[in-house]
There are 2 protein chains.
Amino acid sequence: MTEFDDALALDRVADGVRRGRLGEAWSIGGAVNGGLLMSLAGQALAEHLAEHGGNASGHDAPVAFTAYFLSASSDGPAELRTEVVRVGRTMSTGQVSLVQEVDGQPVERLRALASYGDLATWAQPVLREPEVPRMPPPDQCVDAAMAPADFRESVPLLGRFDLRLDPATAGWALGQPSGQGVMRGWIRFADGRPVDALSLLFFLDALPPVAFDLGIMGWAPTLEFSGHIRAEPTDGWLLVELTTRTVTGGLLEEDAMIWDESGRMVAQSRQLAGIRLPAATSGDAG
Amino acid sequence: MTEFDDALALDRVADGVRRGRLGEAWSIGGAVNGGLLMSLAGQALAEHLAEHGGNASGHDAPVAFTAYFLSASSDGPAELRTEVVRVGRTMSTGQVSLVQEVDGQPVERLRALASYGDLATWAQPVLREPEVPRMPPPDQCVDAAMAPADFRESVPLLGRFDLRLDPATAGWALGQPSGQGVMRGWIRFADGRPVDALSLLFFLDALPPVAFDLGIMGWAPTLEFSGHIRAEPTDGWLLVELTTRTVTGGLLEEDAMIWDESGRMVAQSRQLAGIRLPAATSGDAG
């Protein structure tokens, strides 16, 4: 079994209640990666919808997936509570909460709404799509595995994928951010697991925060994330590009797009994330 | 009382249950405008959060607002069911459903998740924001009130605002869409009601569908909408720009941005909408 499939394994304990486990291997600075949480929630909801008629018409891919992040997750057991909102002819919509127990009390980590559909029917025809960005091939990019050992140790997540950053957007690692608000990289699972629609929820939120390219370092917690999966990716490297245009009041939007090796734009997302403003500008009315 | 405030009037019938009325004046082709539904849901949730501690710290503006549209609304009574998800120090998150009775059964029209905050604390400083697009002043634009009378009759919504489309993106009205996938216009309430944070949820979804500029006419129902309100707008005209980059399989994303008269980018959104593909391309693998 691959690492990702292992992380998404769920025990069904009742209708609409499944239990999983958040592995420390997917954590970063003590919190579990948001993309992994969304994939796990997405898996639970897919299973629940399949039980309740959504799968009858092949509604197995998260065509639209929105998560509100409520508190930081930690490694350990997690409960997924799912609900059918509406089973339709072309899409099925549901809701899922990821809950962990803290001091004997359930604490909600994220709540998501999502619509599932059959990508075989939603992916064609292609009338218009964003062109794949130009960037050097993976072997001419900056391998994230070259990060300092003490940094890699605090970010076990880095071991889950093979990430090659575009040198043009990796200057922040040497204290020289481009200032453009762009981050690009090739990514795939470290253990060779093929990419698929559900895993795109993970890859949309796997790169370092785009804020790094503006010289704004530190954790950028996601408040809200909405992603659209537009096609099943072909296997191979994924090209992920993050951009941001609006940095105000300790918030920024991070837009992500993913192309597969065939050049197809397979997923896009926008998230609203918090940032810690540099002390020099914090409180400045700009 | 202004038309918009009248449309948002709610009767509180129990904790978490409010009743309102969807007016035919806000409808388009027999269905009630999605932006009005989001504003009404947003109003109900703001009231509910204020009752449950969210307002203690001034969390009264929808900093992030996501709606999944489940079925088409019709004019008449509507029930708003609200729930607190989490009251935090800097944001309060809640959920709201808009429900109408059909043949004696409750039918959910939309379900939304949203995080409310105090824009006075979230709007500054401005480190980076998209530049306001260049377009002619309102009196040199195409007045939507000039639409043919039979069209205006089927779209009572048009009477609720004053909309001036950029001539560069209004060619579709004469059968000559630009093909760029852009729609720009100045907009404000017809009765002079000032714009505010909540009304931005309405204005983010008030223009004609951006698909028109690609020659794809007809209704473009929203499946999922996520908006971010970044600042309280100054009163006056709002400049709204819609764009789309991805039109595949009967779905497109519609990105909206709004600038106020001071040139501040006050809101942005992305929605996934359905389109009816032209017969010539439908089913074509592109």
# chains A, B, ... in the order shown; residues from 1 in each chain; ligands from 1

$ residues_around --residues "His48 of chain A" --least-positions-apart "6" --cutoff "10 Å" --atoms "only C-alpha atoms" --output "VMD selection string"
chain A and resid 12 15 to 18 42 54 to 55 81 to 84 94 to 96

$ interface_residues --of "chain B" --to "chain A" --cutoff "6 Å" --atoms "only C-alpha atoms" --output "list in words"
Trp122, Ala123, Gln124, Pro125, Val126, Leu127, Arg128, Glu129, Pro130, Arg245, Thr246, Val247, Thr248, Gly249, Asp284, Ala285 and Gly286 of chain B

$ write_last_selection --atoms "N, CA and C atoms" --output "mmCIF file, in the first residue's frame"
data_model
loop_
_atom_site.group_PDB
_atom_site.id
_atom_site.type_symbol
_atom_site.label_atom_id
_atom_site.label_comp_id
_atom_site.auth_asym_id
_atom_site.auth_seq_id
_atom_site.Cartn_x
_atom_site.Cartn_y
_atom_site.Cartn_z
ATOM 1 N N TRP B 122 -8.974 44.018 9.353
ATOM 2 C CA TRP B 122 -8.444 43.148 8.300
ATOM 3 C C TRP B 122 -8.076 43.893 7.017
ATOM 4 N N ALA B 123 -8.431 45.140 6.905
ATOM 5 C CA ALA B 123 -8.264 45.823 5.612
ATOM 6 C C ALA B 123 -6.911 46.518 5.444
ATOM 7 N N GLN B 124 -6.194 46.736 6.532
ATOM 8 C CA GLN B 124 -4.924 47.461 6.458
ATOM 9 C C GLN B 124 -3.791 46.638 7.062
ATOM 10 N N PRO B 125 -2.548 46.780 6.663
ATOM 11 C CA PRO B 125 -2.081 47.631 5.568
ATOM 12 C C PRO B 125 -2.297 46.978 4.207
ATOM 13 N N VAL B 126 -2.209 47.784 3.160
ATOM 14 C CA VAL B 126 -2.273 47.273 1.789
ATOM 15 C C VAL B 126 -0.840 47.100 1.286
ATOM 16 N N LEU B 127 -0.388 45.851 1.201
ATOM 17 C CA LEU B 127 0.983 45.603 0.733
ATOM 18 C C LEU B 127 1.021 45.396 -0.782
ATOM 19 N N ARG B 128 -0.103 44.918 -1.323
ATOM 20 C CA ARG B 128 -0.116 44.540 -2.737
ATOM 21 C C ARG B 128 -1.569 44.335 -3.119
ATOM 22 N N GLU B 129 -1.994 44.912 -4.241
ATOM 23 C CA GLU B 129 -3.347 44.629 -4.710
ATOM 24 C C GLU B 129 -3.424 44.849 -6.207
ATOM 25 N N PRO B 130 -4.385 44.199 -6.872
ATOM 26 C CA PRO B 130 -4.485 44.328 -8.327
ATOM 27 C C PRO B 130 -4.869 45.758 -8.705
ATOM 28 N N ARG B 245 -10.889 31.799 -17.765
ATOM 29 C CA ARG B 245 -9.751 31.255 -18.504
ATOM 30 C C ARG B 245 -9.977 29.803 -18.893
ATOM 31 N N THR B 246 -10.945 29.150 -18.238
ATOM 32 C CA THR B 246 -11.079 27.703 -18.404
ATOM 33 C C THR B 246 -12.522 27.337 -18.719
ATOM 34 N N VAL B 247 -12.765 26.900 -19.930
ATOM 35 C CA VAL B 247 -14.104 26.490 -20.343
ATOM 36 C C VAL B 247 -13.983 25.067 -20.851
ATOM 37 N N THR B 248 -14.370 24.124 -20.020
ATOM 38 C CA THR B 248 -14.240 22.711 -20.389
ATOM 39 C C THR B 248 -15.459 21.949 -19.892
ATOM 40 N N GLY B 249 -15.927 21.027 -20.720
ATOM 41 C CA GLY B 249 -16.961 20.091 -20.291
ATOM 42 C C GLY B 249 -18.215 20.723 -19.725
ATOM 43 N N ASP B 284 -17.763 17.316 -28.743
ATOM 44 C CA ASP B 284 -16.502 17.335 -29.471
ATOM 45 C C ASP B 284 -15.376 17.199 -28.458
ATOM 46 N N ALA B 285 -14.433 16.306 -28.707
ATOM 47 C CA ALA B 285 -13.367 16.090 -27.736
ATOM 48 C C ALA B 285 -12.321 17.193 -27.777
ATOM 49 N N GLY B 286 -12.516 18.188 -28.616
ATOM 50 C CA GLY B 286 -11.663 19.380 -28.617
ATOM 51 C C GLY B 286 -10.205 19.070 -28.839
#

$ atom_distance --atom1 "atom CA of Gly215 of chain A" --atom2 "atom CA of Asp260 of chain A"
28.7 Å

$ select_by_dssp --residues "segment 35-254 of chain A" --states "alpha helix (DSSP H)" --output "PyMOL selection string"
chain A and resi 35-51+119-122+149-154+197-203

$ write_last_selection --atoms "N, CA and C atoms" --output "short mmCIF file (atom, residue, chain, number, x, y, z; two decimals), in the first residue's frame"
data_model
loop_
_atom_site.label_atom_id
_atom_site.label_comp_id
_atom_site.auth_asym_id
_atom_site.auth_seq_id
_atom_site.Cartn_x
_atom_site.Cartn_y
_atom_site.Cartn_z
N GLY A 35 -3.65 20.00 2.96
CA GLY A 35 -4.00 19.25 1.76
C GLY A 35 -4.30 17.79 2.06
N LEU A 36 -3.55 17.25 3.03
CA LEU A 36 -3.80 15.86 3.44
C LEU A 36 -5.17 15.76 4.13
N LEU A 37 -5.47 16.76 4.97
CA LEU A 37 -6.77 16.77 5.65
C LEU A 37 -7.91 16.84 4.64
N MET A 38 -7.74 17.67 3.62
CA MET A 38 -8.79 17.79 2.61
C MET A 38 -8.94 16.48 1.83
N SER A 39 -7.83 15.83 1.53
CA SER A 39 -7.91 14.56 0.81
C SER A 39 -8.63 13.51 1.65
N LEU A 40 -8.31 13.49 2.95
CA LEU A 40 -8.95 12.52 3.85
C LEU A 40 -10.45 12.82 3.95
N ALA A 41 -10.79 14.09 4.11
CA ALA A 41 -12.20 14.48 4.18
C ALA A 41 -12.89 14.15 2.85
N GLY A 42 -12.18 14.41 1.75
CA GLY A 42 -12.73 14.12 0.43
C GLY A 42 -12.97 12.63 0.22
N GLN A 43 -12.06 11.81 0.75
CA GLN A 43 -12.20 10.36 0.66
C GLN A 43 -13.43 9.89 1.45
N ALA A 44 -13.57 10.42 2.68
CA ALA A 44 -14.71 10.03 3.52
C ALA A 44 -16.03 10.41 2.85
N LEU A 45 -16.04 11.61 2.26
CA LEU A 45 -17.29 12.06 1.63
C LEU A 45 -17.58 11.24 0.37
N ALA A 46 -16.55 10.89 -0.38
CA ALA A 46 -16.76 10.04 -1.57
C ALA A 46 -17.37 8.70 -1.17
N GLU A 47 -16.84 8.13 -0.09
CA GLU A 47 -17.37 6.83 0.36
C GLU A 47 -18.83 6.97 0.82
N HIS A 48 -19.11 8.06 1.53
CA HIS A 48 -20.47 8.27 2.04
C HIS A 48 -21.46 8.50 0.90
N LEU A 49 -21.06 9.33 -0.07
CA LEU A 49 -21.95 9.60 -1.21
C LEU A 49 -22.18 8.31 -2.02
N ALA A 50 -21.14 7.49 -2.13
CA ALA A 50 -21.29 6.24 -2.90
C ALA A 50 -22.33 5.33 -2.23
N GLU A 51 -22.36 5.37 -0.90
CA GLU A 51 -23.34 4.57 -0.15
C GLU A 51 -24.76 5.08 -0.33
N LEU A 119 -15.85 12.71 -13.79
CA LEU A 119 -14.96 13.53 -14.63
C LEU A 119 -14.97 13.09 -16.09
N ALA A 120 -15.32 11.84 -16.34
CA ALA A 120 -15.38 11.38 -17.73
C ALA A 120 -16.41 12.21 -18.51
N THR A 121 -17.46 12.67 -17.81
CA THR A 121 -18.48 13.46 -18.50
C THR A 121 -18.22 14.96 -18.40
N TRP A 122 -17.39 15.40 -17.40
CA TRP A 122 -17.20 16.83 -17.19
C TRP A 122 -15.91 17.38 -17.80
N ALA A 149 19.15 19.84 6.66
CA ALA A 149 18.66 18.67 7.40
C ALA A 149 17.76 19.07 8.57
N ASP A 150 18.11 20.15 9.28
CA ASP A 150 17.29 20.51 10.45
C ASP A 150 15.92 21.00 9.99
N PHE A 151 15.86 21.62 8.81
CA PHE A 151 14.57 22.06 8.27
C PHE A 151 13.74 20.85 7.86
N ARG A 152 14.38 19.90 7.15
CA ARG A 152 13.67 18.69 6.73
C ARG A 152 13.12 17.93 7.93
N GLU A 153 13.85 17.96 9.02
CA GLU A 153 13.40 17.24 10.21
C GLU A 153 12.13 17.84 10.81
N SER A 154 11.98 19.16 10.71
CA SER A 154 10.79 19.81 11.26
C SER A 154 9.62 19.76 10.28
N ALA A 197 -7.56 12.14 -9.30
CA ALA A 197 -8.36 13.34 -9.03
C ALA A 197 -8.30 13.72 -7.54
N LEU A 198 -8.51 12.75 -6.65
CA LEU A 198 -8.54 13.07 -5.23
C LEU A 198 -7.21 13.62 -4.74
N SER A 199 -6.10 13.06 -5.27
CA SER A 199 -4.79 13.52 -4.80
C SER A 199 -4.50 14.96 -5.22
N LEU A 200 -5.24 15.46 -6.21
CA LEU A 200 -5.04 16.86 -6.60
C LEU A 200 -5.40 17.81 -5.46
N LEU A 201 -6.35 17.41 -4.60
CA LEU A 201 -6.66 18.24 -3.43
C LEU A 201 -5.42 18.37 -2.54
N PHE A 202 -4.61 17.31 -2.51
CA PHE A 202 -3.37 17.37 -1.74
C PHE A 202 -2.34 18.26 -2.44
N PHE A 203 -2.16 18.06 -3.75
CA PHE A 203 -1.11 18.78 -4.46
C PHE A 203 -1.42 20.28 -4.62
#

$ closest_residue --among "B:Ala7, B:Ala206, B:Ala190, B:Met135" --to "Gly20 of chain B" --atoms "only C-alpha atoms"
B:Ala7

$ atom_distance --atom1 "atom CA of Gly34 of chain B" --atom2 "atom CA of Gln140 of chain B"
28.5 Å

$ residues_around --residues "Asp162 of chain B" --least-positions-apart "4" --cutoff "6 Å" --atoms "only C-alpha atoms" --output "count of residues only"
4

$ atom_distance --atom1 "atom CA of Thr234 of chain A" --atom2 "atom CA of Ala147 of chain A"
28.6 Å

$ closest_residue --among "B:Ala168, B:Thr2, B:Ala72, B:Ala78" --to "Pro106 of chain B" --atoms "only C-alpha atoms"
B:Ala78

$ residues_around --residues "Glu241 of chain A" --least-positions-apart "3" --cutoff "6 Å" --atoms "only C-alpha atoms" --output "PyMOL selection string"
chain A and resi 183-184+256-257

$ closest_residue --among "A:Glu3, A:Gly117, A:Leu239, A:Leu8" --to "Leu204 of chain A" --atoms "only C-alpha atoms"
A:Leu239
